[in-house]
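Q: Take a look at this one; I'll ask things after.
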2 protein chains.
Amino acid sequence: MALRPMARTDVNRSAILAHLGAHGPASRAELARALNLSPALMTQLTKDLLADGLLRELAHQPSQGGRPARMLGLVASAGRAVGVKVAADHLAFVEVGIDGSVLRTASEPFDASATTMLAKLVELLRRFIAGGADTPLLGIGVGVPGDVDRQGEGVVDSTQLGWTHAPIGESLRRELGLPVLVENNVNALAMAERLYGLGRRHDSFLVVTIGTGVGAAIVVDGVILRGSRGGAGEVGHTPVRDDGPLCSCGNHGCLETFLSEDALVRIARERGVIGASAGIEALRDAADSGDDRATAVFSEAGHLLGRTVAGLVHVLDPEVVILLGEGTADWTHWSYGFEPAFRAALIPSRRGVPIAVERWQDDSWAQGAATLVLATPFDADGSMGEQGDLVRRRLVQQAAPPEADS
Amino acid sequence: MALRPMARTDVNRSAILAHLGAHGPASRAELARALNLSPALMTQLTKDLLADGLLRELAHQPSQGGRPARMLGLVASAGRAVGVKVAADHLAFVEVGIDGSVLRTASEPFDASATTMLAKLVELLRRFIAGGADTPLLGIGVGVPGDVDRQGEGVVDSTQLGWTHAPIGESLRRELGLPVLVENNVNALAMAERLYGLGRRHDSFLVVTIGTGVGAAIVVDGVILRGSRGGAGEVGHTPVRDDGPLCSCGNHGCLETFLSEDALVRIARERGVIGASAGIEALRDAADSGDDRATAVFSEAGHLLGRTVAGLVHVLDPEVVILLGEGTADWTHWSYGFEPAFRAALIPSRRGVPIAVERWQDDSWAQGAATLVLATPFDADGSMGEQGDLVRRRLVQQAAPPEADS
DNA sequence: TATGGTTTGTTTAGTCTTGAAGTAAGGGGA
DNA sequence: TCCCCTTACTTCAAGACTAAACAAACCATA
């Protein structure tokens, strides 16, 4: 079988790869159960993948009471992926292996508002890619703070970056000749969480990030909810007070103007908790050393966050809420306000919803973007357009050994 | 997480029936376009439905420049459905034809908190059904204010009715021997809206109801978002003020304590706008006749609703928001507060989201419940369990003339 | 009147998936 | 040791769906 048709929407072959990448070797039966597919189909699909050289059979596993399972594993040399996080003032890069492990990271200053921004982005990406491993590069994931169009073209609107209809995806694709997946950064994080984190065991969950802003991603039945124009999850601009501070979106009193790092610093300065030119570190230090006024700043923010998340839990009824972002470094201070406010605001039947605060690492954003490349085929119905197909094609192309068919 | 096994439940035959019911006769080509299926499949499916006696070929339509279309229409005698709205103090019944048209309505007093409540419900349903037309009854739709489990069993939790784990679906099925579909009442309304209303032209929309409470239903890609335990859309208990009035859920300051009919009456009484024993009609009359303090009550509620809905639009990014419920009768008064608050609270890129206030009729709730029966097969992935199948089977069973196949 | 264009509907071959029924390979008693 | 049970995998027939090619029925126009 020289050229398998490699169908238009063959999600499941990729799902197998993604699952093996995320969980390590597994038997056909395990895969069938995990992916909710019939054993019959699993036989069929793995046969193809084995023939393509993407999978290989490993040792048998001791019997579980019946016939022992033949384990299947990824062929490790099958590929790598690169992720970029775009922020207003810098770029963060990550290279991951096909199993999602971080191989390499980098960070570069970047001015998102510069007119030459696109050229600069391409240049820095090229440089990072060049330094990479020898295994085939499957694609680039780009995480941006803002709305991305649904069709997977990669047109970005972002107040934070000052971009309107920026055709990031198309430009990068043209310049780099690689599959490029552009996604909202919180959604990218949710995807990573789904593949490697808590989301593995939950089909519907909510990811909330705190840090430079406030964001949310909604996963329903394993799929990211994008909304009609890719803008779902914009929780940062929930109106809180009519007469609140001016927000970057032009309105007054958005949630972000009370919870973002800048907001906390502003409030702390106004109250004289920290000096007029001090930053978030000063506030953190003060809180860590027991300054009541400093802990109050965090706990008030936690209170507001708790009420907001409670509202989201009412509206979306997730199985679990995952808290992420730079701000979680100070979570102990936030939690004094968050926990009581959150639980008190929930209707009784929802009070048991678990809140998971996951450890945050500096390259998490970029890692989330990178996993897009490995995960997107996972994401049914081509919400990422043809890029998923392209990634898959590259995988097969690289791995398939020349062979003759019977 | 199966990515679209799209189970054996044959959604499309039902979709054809539902479409014809909602829009009247159509050609195969029209159907294929409307339902986004290939013409080839449409030929196949309609052949089956014609053989089953559910469809019949009508006259040709004048050519549109090519071959003239052969119209297909429902066989009207194929079935009817009954819908019940369950409220704390009464039941509302509706009988609809296979095309969704209302054939008959009734209303009966009912005490949802009585221990004999289930028996009473069965009895009143039996009586209503008995008075119906001669065409086969396809099933019963039940709309309840509260959470319904996801599996379509029909287990209900409702603070409003004082029910916990009430096995409504199973009981009714056993007693009546009919398919029974239990659903949150706002979701039922959303389903009706999807089949017969604005939802026909929109895949993602938000339904918000105002009246005795505040509710929301979320439709994403044509499917109702139910959340992990069927409780999505509980917008009425969004926390608004820590020290607000006591809500039926046990918390203080829920949205409902500011926007429900009871809340408006309470506020108006407190302010002396209406007498201490006057009701919502008195407040409406006062507002209609230009009483500034009365209109202020409505417009303040509108303001709060506007900000809340803006938050939902940020989080869910719907194509359109549909406003329904008894409260929309006073919408002109609400809108003075709603419109400015809503638009002002939206981020610029969302300001264009249309708000549709649809005309409200007394039997809308029950009609929504009834359309569940006709619509549920529409609702992919068997989120309503086997009941959809049962309804379909009844349709075919009744209509199929005995015939031998080639 | 022929000719081409347009829309409608059907046939055919082929893909993806499943359920049912089998085969393979171990285990634990009697 | 033999028989049955369990689990893992495979084969097979069949359904749902699509793309592509075709046939049918009309219109316009030269």
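How things are named: the first chain in the structure tokens is A, the next is B, and so on; residues count from 1 in each chain; ligands count from 1 in the order shown.
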Show me, as a tab-separated table, the residues of chain C having an atom within 9 Å of chain A, each with the closest atom pair and its distance in Å, using only C-alpha atoms (C1' of nucleotides).

A:
```
residue	atom	partner	partner_atom	distance
C:DT15	C1'	A:Ala7	CA	7.8
C:DC16	C1'	A:Asp10	CA	8.6
C:DT17	C1'	A:Leu41	CA	7.0
C:DT18	C1'	A:Ser38	CA	6.9
C:DA24	C1'	A:Arg67	CA	7.3
C:DA25	C1'	A:Arg67	CA	4.4
C:DG26	C1'	A:Arg67	CA	4.7
C:DG27	C1'	A:Gly65	CA	5.7
```

Q: For N, CA and C atoms (P, O5', C5', C4', C3', O3' and C1' of nucleotides), I'd like the residues from the last selection saved as a PDB file, in the first residue's frame.

A:
```pdb
ATOM      1  P    DT C  15     -11.439   2.926  -0.029  1.00  0.00           P
ATOM      2  O5'  DT C  15     -11.696   3.894   1.198  1.00  0.00           O
ATOM      3  C5'  DT C  15     -11.933   5.282   0.971  1.00  0.00           C
ATOM      4  C4'  DT C  15     -12.511   5.874   2.245  1.00  0.00           C
ATOM      5  C3'  DT C  15     -11.882   5.299   3.521  1.00  0.00           C
ATOM      6  O3'  DT C  15     -11.662   6.358   4.425  1.00  0.00           O
ATOM      7  C1'  DT C  15     -14.213   4.992   3.567  1.00  0.00           C
ATOM      8  P    DC C  16     -10.865   6.097   5.774  1.00  0.00           P
ATOM      9  O5'  DC C  16     -12.058   5.953   6.824  1.00  0.00           O
ATOM     10  C5'  DC C  16     -12.839   7.103   7.116  1.00  0.00           C
ATOM     11  C4'  DC C  16     -13.910   6.720   8.123  1.00  0.00           C
ATOM     12  C3'  DC C  16     -13.372   6.041   9.387  1.00  0.00           C
ATOM     13  O3'  DC C  16     -13.946   6.710  10.495  1.00  0.00           O
ATOM     14  C1'  DC C  16     -15.110   4.768   8.434  1.00  0.00           C
ATOM     15  P    DT C  17     -13.391   6.465  11.943  1.00  0.00           P
ATOM     16  O5'  DT C  17     -14.377   5.371  12.505  1.00  0.00           O
ATOM     17  C5'  DT C  17     -15.697   5.781  12.829  1.00  0.00           C
ATOM     18  C4'  DT C  17     -16.599   4.592  12.900  1.00  0.00           C
ATOM     19  C3'  DT C  17     -16.222   3.544  13.938  1.00  0.00           C
ATOM     20  O3'  DT C  17     -16.789   3.894  15.177  1.00  0.00           O
ATOM     21  C1'  DT C  17     -17.198   2.641  11.937  1.00  0.00           C
ATOM     22  P    DT C  18     -16.560   2.975  16.440  1.00  0.00           P
ATOM     23  O5'  DT C  18     -17.778   1.944  16.330  1.00  0.00           O
ATOM     24  C5'  DT C  18     -19.062   2.414  15.954  1.00  0.00           C
ATOM     25  C4'  DT C  18     -19.981   1.229  15.730  1.00  0.00           C
ATOM     26  C3'  DT C  18     -19.880   0.170  16.813  1.00  0.00           C
ATOM     27  O3'  DT C  18     -21.147  -0.061  17.378  1.00  0.00           O
ATOM     28  C1'  DT C  18     -19.663  -0.814  14.655  1.00  0.00           C
ATOM     29  P    DA C  24      -6.764 -19.578  16.437  1.00  0.00           P
ATOM     30  O5'  DA C  24      -6.231 -18.667  17.626  1.00  0.00           O
ATOM     31  C5'  DA C  24      -5.705 -17.391  17.316  1.00  0.00           C
ATOM     32  C4'  DA C  24      -5.049 -16.809  18.547  1.00  0.00           C
ATOM     33  C3'  DA C  24      -4.151 -17.780  19.318  1.00  0.00           C
ATOM     34  O3'  DA C  24      -2.991 -17.047  19.695  1.00  0.00           O
ATOM     35  C1'  DA C  24      -5.810 -16.916  20.759  1.00  0.00           C
ATOM     36  P    DA C  25      -1.721 -17.795  20.246  1.00  0.00           P
ATOM     37  O5'  DA C  25      -1.860 -17.581  21.816  1.00  0.00           O
ATOM     38  C5'  DA C  25      -1.732 -16.263  22.331  1.00  0.00           C
ATOM     39  C4'  DA C  25      -2.094 -16.277  23.789  1.00  0.00           C
ATOM     40  C3'  DA C  25      -1.407 -17.376  24.608  1.00  0.00           C
ATOM     41  O3'  DA C  25      -0.713 -16.782  25.677  1.00  0.00           O
ATOM     42  C1'  DA C  25      -3.709 -17.237  25.087  1.00  0.00           C
ATOM     43  P    DG C  26       0.517 -17.478  26.375  1.00  0.00           P
ATOM     44  O5'  DG C  26      -0.151 -18.109  27.690  1.00  0.00           O
ATOM     45  C5'  DG C  26       0.168 -17.563  28.916  1.00  0.00           C
ATOM     46  C4'  DG C  26      -1.086 -17.045  29.607  1.00  0.00           C
ATOM     47  C3'  DG C  26      -1.466 -17.805  30.881  1.00  0.00           C
ATOM     48  O3'  DG C  26      -0.730 -17.293  31.972  1.00  0.00           O
ATOM     49  C1'  DG C  26      -3.386 -17.228  29.562  1.00  0.00           C
ATOM     50  P    DG C  27      -0.539 -18.078  33.276  1.00  0.00           P
ATOM     51  O5'  DG C  27      -2.004 -18.049  33.902  1.00  0.00           O
ATOM     52  C5'  DG C  27      -2.430 -16.866  34.579  1.00  0.00           C
ATOM     53  C4'  DG C  27      -3.793 -17.109  35.173  1.00  0.00           C
ATOM     54  C3'  DG C  27      -3.795 -18.190  36.255  1.00  0.00           C
ATOM     55  O3'  DG C  27      -4.033 -17.623  37.524  1.00  0.00           O
ATOM     56  C1'  DG C  27      -5.521 -18.560  34.604  1.00  0.00           C
TER      57       DG C  27
END
```

Q: Compile the residues of chain D that lie within 10 Å of chain B, evaluated using only C-alpha atoms (C1' of nucleotides), and express the compilation as a PyMOL selection string.

A: chain D and resi 15-19+24-28

Q: Could you tell me which residues of chain A sit within 6 Å of chain B when counting only C-alpha atoms, and give me the result as a list of chain:residue names?

A: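 The selection requested is A:Leu35, A:Asn36, A:Gly227, A:Ser228, A:Gly231, A:Ala232, A:Gly233, A:Glu234, A:Val235, A:Thr238, A:Pro239, A:Cys249, A:Gly311, A:His314, A:Val315, A:Leu316, A:Asp317, A:Pro318, A:Glu319, A:Ala345, A:Ile347, A:Ala380.
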
Q: Under the rule that only C-alpha atoms are counted, which of B:Arg104, B:Arg126, B:Lys120, B:Arg194 is the nearest residue to Ala15 of chain B?

A: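 The answer is B:Arg194, which sits nearest to Ala15 of chain B.
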
Q: Any idea what the distance is between atom CA of Gly199 of chain A and atom CA of Gly222 of chain A?

A: 8.2 Å

Q: If we count only C-alpha atoms (C1' of nucleotides), what is near segment 115-117 of chain A at a cut-off of 12 Å, once residues fewer than 6 positions away on the same chain are taken out, given as a list in words?

A: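 Contacts, in chain order: Val86, Ala87, Ala88, Asp89, His90, Leu91, Pro109, Glu123, Leu124, Leu161, Gly162, Trp163, Ala166, Pro167, Ile168, Ser171 and Leu172 of chain A.
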
Q: Keeping only all heavy atoms, take the residues you just selected and write them out as a short mmCIF file (atom, residue, chain, number, x, y, z; two decimals), in the first residue's frame.

A:
```cif
data_model
loop_
_atom_site.label_atom_id
_atom_site.label_comp_id
_atom_site.auth_asym_id
_atom_site.auth_seq_id
_atom_site.Cartn_x
_atom_site.Cartn_y
_atom_site.Cartn_z
N VAL A 86 3.19 34.47 22.64
CA VAL A 86 3.38 35.86 22.25
C VAL A 86 2.86 36.76 23.36
O VAL A 86 1.68 36.72 23.69
CB VAL A 86 2.64 36.18 20.94
CG1 VAL A 86 2.87 37.61 20.55
CG2 VAL A 86 3.08 35.23 19.84
N ALA A 87 3.72 37.58 23.93
CA ALA A 87 3.28 38.57 24.90
C ALA A 87 3.60 39.96 24.31
O ALA A 87 4.23 40.07 23.26
CB ALA A 87 4.01 38.38 26.23
N ALA A 88 3.13 40.99 24.98
CA ALA A 88 3.31 42.34 24.44
C ALA A 88 4.79 42.68 24.32
O ALA A 88 5.20 43.37 23.38
CB ALA A 88 2.59 43.35 25.32
N ASP A 89 5.60 42.19 25.25
CA ASP A 89 6.99 42.64 25.27
C ASP A 89 8.02 41.53 25.08
O ASP A 89 9.22 41.79 25.11
CB ASP A 89 7.27 43.36 26.60
CG ASP A 89 7.05 42.44 27.79
OD1 ASP A 89 6.46 41.36 27.59
OD2 ASP A 89 7.45 42.81 28.90
N HIS A 90 7.57 40.28 24.93
CA HIS A 90 8.55 39.21 24.69
C HIS A 90 7.91 37.99 24.06
O HIS A 90 6.68 37.86 24.03
CB HIS A 90 9.25 38.83 26.00
CG HIS A 90 8.39 38.04 26.93
ND1 HIS A 90 7.38 38.61 27.67
CD2 HIS A 90 8.34 36.72 27.21
CE1 HIS A 90 6.77 37.68 28.39
NE2 HIS A 90 7.34 36.51 28.13
N LEU A 91 8.77 37.12 23.57
CA LEU A 91 8.31 35.83 23.06
C LEU A 91 8.95 34.74 23.91
O LEU A 91 10.11 34.87 24.31
CB LEU A 91 8.75 35.62 21.61
CG LEU A 91 8.25 36.61 20.56
CD1 LEU A 91 8.87 36.29 19.21
CD2 LEU A 91 6.73 36.55 20.46
N PRO A 109 13.23 39.27 23.75
CA PRO A 109 12.44 40.52 23.78
C PRO A 109 11.71 40.71 22.45
O PRO A 109 12.20 40.28 21.40
CB PRO A 109 13.50 41.60 24.01
CG PRO A 109 14.80 40.97 23.67
CD PRO A 109 14.66 39.50 23.90
N GLU A 123 11.68 35.88 12.09
CA GLU A 123 13.14 35.75 12.25
C GLU A 123 13.49 34.98 13.54
O GLU A 123 14.30 34.04 13.51
CB GLU A 123 13.75 37.14 12.30
CG GLU A 123 15.27 37.14 12.38
CD GLU A 123 15.79 38.45 12.96
OE1 GLU A 123 15.17 39.50 12.68
OE2 GLU A 123 16.79 38.40 13.73
N LEU A 124 12.85 35.39 14.63
CA LEU A 124 13.16 34.75 15.91
C LEU A 124 12.75 33.28 15.90
O LEU A 124 13.45 32.42 16.43
CB LEU A 124 12.46 35.48 17.05
CG LEU A 124 13.02 36.88 17.35
CD1 LEU A 124 12.17 37.62 18.36
CD2 LEU A 124 14.46 36.77 17.86
N LEU A 161 -2.28 42.98 22.71
CA LEU A 161 -1.15 43.16 21.81
C LEU A 161 -1.36 44.32 20.85
O LEU A 161 -0.44 44.70 20.12
CB LEU A 161 -0.93 41.87 21.00
CG LEU A 161 -0.66 40.59 21.81
CD1 LEU A 161 -0.52 39.40 20.88
CD2 LEU A 161 0.59 40.75 22.66
N GLY A 162 -2.58 44.85 20.84
CA GLY A 162 -2.87 45.92 19.90
C GLY A 162 -3.00 45.42 18.47
O GLY A 162 -2.69 46.14 17.52
N TRP A 163 -3.45 44.20 18.30
CA TRP A 163 -3.60 43.63 16.95
C TRP A 163 -5.06 43.59 16.54
O TRP A 163 -5.93 43.20 17.31
CB TRP A 163 -3.09 42.19 16.90
CG TRP A 163 -1.61 42.05 17.08
CD1 TRP A 163 -0.70 43.04 17.24
CD2 TRP A 163 -0.87 40.83 17.15
NE1 TRP A 163 0.56 42.52 17.39
CE2 TRP A 163 0.48 41.16 17.34
CE3 TRP A 163 -1.22 39.48 17.07
CZ2 TRP A 163 1.48 40.21 17.45
CZ3 TRP A 163 -0.24 38.52 17.17
CH2 TRP A 163 1.12 38.88 17.36
N ALA A 166 -4.88 40.52 12.61
CA ALA A 166 -3.51 40.21 12.22
C ALA A 166 -3.44 38.78 11.67
O ALA A 166 -3.78 37.84 12.38
CB ALA A 166 -2.59 40.36 13.43
N PRO A 167 -3.01 38.61 10.43
CA PRO A 167 -3.04 37.29 9.78
C PRO A 167 -1.80 36.48 10.13
O PRO A 167 -1.04 36.06 9.26
CB PRO A 167 -3.05 37.64 8.29
CG PRO A 167 -2.30 38.94 8.22
CD PRO A 167 -2.50 39.66 9.53
N ILE A 168 -1.63 36.22 11.41
CA ILE A 168 -0.42 35.55 11.89
C ILE A 168 -0.24 34.18 11.25
O ILE A 168 0.83 33.84 10.74
CB ILE A 168 -0.52 35.36 13.42
CG1 ILE A 168 -0.64 36.72 14.09
CG2 ILE A 168 0.68 34.61 13.95
CD1 ILE A 168 0.52 37.61 13.82
N SER A 171 0.76 34.21 7.49
CA SER A 171 2.11 34.74 7.28
C SER A 171 3.17 33.73 7.68
O SER A 171 4.12 33.47 6.93
CB SER A 171 2.31 36.02 8.11
OG SER A 171 1.32 36.96 7.79
N LEU A 172 2.99 33.16 8.86
CA LEU A 172 4.00 32.21 9.32
C LEU A 172 4.05 30.99 8.42
O LEU A 172 5.12 30.47 8.12
CB LEU A 172 3.70 31.78 10.77
CG LEU A 172 3.91 32.86 11.83
CD1 LEU A 172 3.61 32.31 13.22
CD2 LEU A 172 5.32 33.40 11.78
#
```

Q: How many Å separate atom CA of Trp334 of chain B from atom CA of Glu300 of chain B?

A: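 For atom CA of Trp334 of chain B relative to atom CA of Glu300 of chain B, the distance reads 7.6 Å.
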
Q: To test your reading of the structure, identify every residue in segment 40-93 of chain B that backbone DSSP assigns to alpha helix (DSSP H), and report it as a ChimeraX atom specification.

A: /B:40-52

Q: Mind writing the picked residues with all heavy atoms as a compact mmCIF listing (two decimals), in the first residue's frame?

A:
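File written: selection_36.txt
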```txt
# COMPACT_ATOMS: atom_id res chain seq x y z
N ALA B 40 -26.73 12.70 -2.24
CA ALA B 40 -26.79 11.25 -2.37
C ALA B 40 -27.46 10.63 -1.16
O ALA B 40 -28.37 9.79 -1.30
CB ALA B 40 -25.38 10.70 -2.53
N LEU B 41 -27.02 11.05 0.01
CA LEU B 41 -27.60 10.49 1.21
C LEU B 41 -29.07 10.84 1.30
O LEU B 41 -29.89 10.04 1.75
CB LEU B 41 -26.86 11.03 2.43
CG LEU B 41 -27.35 10.50 3.77
CD1 LEU B 41 -27.27 8.99 3.82
CD2 LEU B 41 -26.55 11.12 4.89
N MET B 42 -29.40 12.04 0.86
CA MET B 42 -30.79 12.48 0.95
C MET B 42 -31.67 11.56 0.12
O MET B 42 -32.77 11.19 0.54
CB MET B 42 -30.89 13.92 0.46
CG MET B 42 -32.11 14.65 0.95
SD MET B 42 -32.42 14.45 2.71
CE MET B 42 -31.06 15.39 3.39
N THR B 43 -31.23 11.21 -1.03
CA THR B 43 -31.98 10.27 -1.86
C THR B 43 -32.24 8.99 -1.07
O THR B 43 -33.37 8.50 -0.99
CB THR B 43 -31.17 9.90 -3.11
OG1 THR B 43 -31.02 11.06 -3.92
CG2 THR B 43 -31.87 8.82 -3.90
N GLN B 44 -31.20 8.48 -0.47
CA GLN B 44 -31.29 7.23 0.28
C GLN B 44 -32.28 7.34 1.44
O GLN B 44 -33.17 6.51 1.60
CB GLN B 44 -29.88 6.91 0.81
CG GLN B 44 -29.63 5.46 1.03
CD GLN B 44 -29.99 4.64 -0.20
OE1 GLN B 44 -29.64 5.03 -1.32
NE2 GLN B 44 -30.72 3.56 0.00
N LEU B 45 -32.11 8.40 2.23
CA LEU B 45 -32.92 8.54 3.43
C LEU B 45 -34.39 8.76 3.09
O LEU B 45 -35.28 8.16 3.70
CB LEU B 45 -32.40 9.69 4.29
CG LEU B 45 -30.99 9.51 4.86
CD1 LEU B 45 -30.58 10.74 5.65
CD2 LEU B 45 -30.92 8.27 5.71
N THR B 46 -34.63 9.61 2.12
CA THR B 46 -36.02 9.89 1.79
C THR B 46 -36.67 8.64 1.20
O THR B 46 -37.87 8.42 1.39
CB THR B 46 -36.14 11.06 0.79
OG1 THR B 46 -35.30 10.80 -0.32
CG2 THR B 46 -35.74 12.36 1.44
N LYS B 47 -35.88 7.84 0.51
CA LYS B 47 -36.43 6.60 -0.01
C LYS B 47 -36.98 5.74 1.15
O LYS B 47 -38.10 5.24 1.09
CB LYS B 47 -35.35 5.82 -0.76
CG LYS B 47 -35.89 4.65 -1.58
CD LYS B 47 -34.77 3.79 -2.12
CE LYS B 47 -33.97 4.53 -3.20
NZ LYS B 47 -32.77 3.76 -3.61
N ASP B 48 -36.16 5.65 2.20
CA ASP B 48 -36.59 4.89 3.37
C ASP B 48 -37.86 5.48 3.99
O ASP B 48 -38.81 4.77 4.31
CB ASP B 48 -35.49 4.88 4.43
CG ASP B 48 -34.27 4.11 3.97
OD1 ASP B 48 -34.35 3.50 2.89
OD2 ASP B 48 -33.26 4.12 4.68
N LEU B 49 -37.82 6.79 4.16
CA LEU B 49 -38.95 7.44 4.85
C LEU B 49 -40.22 7.32 4.02
O LEU B 49 -41.32 7.19 4.57
CB LEU B 49 -38.61 8.91 5.12
CG LEU B 49 -37.53 9.12 6.18
CD1 LEU B 49 -37.10 10.57 6.24
CD2 LEU B 49 -38.03 8.66 7.54
N LEU B 50 -40.07 7.39 2.70
CA LEU B 50 -41.24 7.21 1.84
C LEU B 50 -41.78 5.79 2.00
O LEU B 50 -42.99 5.58 2.10
CB LEU B 50 -40.86 7.49 0.38
CG LEU B 50 -40.69 8.97 0.03
CD1 LEU B 50 -39.96 9.14 -1.30
CD2 LEU B 50 -42.03 9.67 -0.03
N ALA B 51 -40.86 4.85 2.03
CA ALA B 51 -41.27 3.45 2.18
C ALA B 51 -41.96 3.24 3.53
O ALA B 51 -42.89 2.45 3.65
CB ALA B 51 -40.07 2.53 2.05
N ASP B 52 -41.50 3.97 4.54
CA ASP B 52 -42.09 3.84 5.87
C ASP B 52 -43.44 4.54 5.98
O ASP B 52 -44.12 4.45 7.00
CB ASP B 52 -41.15 4.43 6.93
CG ASP B 52 -39.98 3.52 7.22
OD1 ASP B 52 -40.04 2.33 6.84
OD2 ASP B 52 -39.00 3.99 7.81
```

Q: Would you work out the distance separating atom CA of Leu17 of chain B from atom CA of Ala76 of chain B, expressed in Å to one decimal?

A: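 Going from atom CA of Leu17 of chain B over to atom CA of Ala76 of chain B covers 11.0 Å.
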
Q: Residues at most 9 Å from Leu189 of chain B, counting only C-alpha atoms (C1' of nucleotides), excluding those fewer than 5 positions away in the same chain, as a list in words?

A: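 The neighbour list is Gly143, Asn184, Arg194, Val207, Ala217, Leu324, Ser364, Trp365, Ala366, Gln367, Gly368, Ala369, Thr371 and Leu372 of chain B.
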
Q: Please write the residues from the selection above to a file, keeping C-alpha atoms, as a compact mmCIF listing (two decimals), in the first residue's frame.

A:
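File produced: part26.txt:
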```
# COMPACT_ATOMS: atom_id res chain seq x y z
CA GLY B 143 -40.13 20.67 31.33
CA ASN B 184 -34.79 21.64 32.12
CA ARG B 194 -33.74 25.90 17.55
CA VAL B 207 -31.55 31.83 25.55
CA ALA B 217 -29.78 27.86 28.06
CA LEU B 324 -37.92 34.98 26.57
CA SER B 364 -44.66 28.53 25.43
CA TRP B 365 -43.12 26.57 28.28
CA ALA B 366 -45.26 23.54 27.65
CA GLN B 367 -44.84 23.86 23.92
CA GLY B 368 -41.09 23.80 24.45
CA ALA B 369 -41.47 20.60 26.41
CA THR B 371 -41.08 19.89 20.95
CA LEU B 372 -38.55 17.88 22.91
```

Q: Set the distance at 12 Å and use only C-alpha atoms (C1' of nucleotides): which residues neighbour DT29 of chain D once local chain neighbours fewer than 2 positions away are removed? I'd like the list as a PyMOL selection string.

A: (chain C and resi 1-5) or (chain D and resi 27)

Q: Taking C-alpha atoms (C1' of nucleotides) for each residue, export the selection above as a PDB file, in the first residue's frame.

A:
```pdb
ATOM      1  C1'  DT C   1     -34.335  23.705 -33.706  1.00  0.00           C
ATOM      2  C1'  DA C   2     -30.151  22.698 -31.688  1.00  0.00           C
ATOM      3  C1'  DT C   3     -27.053  23.935 -28.093  1.00  0.00           C
ATOM      4  C1'  DG C   4     -25.402  24.836 -23.840  1.00  0.00           C
ATOM      5  C1'  DG C   5     -26.268  26.035 -18.980  1.00  0.00           C
TER       6       DG C   5
ATOM      7  C1'  DC D  27     -34.672  27.408 -19.462  1.00  0.00           C
TER       8       DC D  27
END
```

Q: Could you tell me, as an MDAnalysis selection string, which residues of segment 269-371 of chain A DSSP assigns to strand (DSSP E or B) when given the backbone?

A: chainID A and resid 320:324 355:357

Q: I'd like to know which of B:Phe110, B:Ala32, B:Gly73, B:Leu20 is closest to DG9 of chain C, using only C-alpha atoms (C1' of nucleotides).

A: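 Residue with the minimum atom-to-atom distance to DG9 of chain C: B:Ala32.
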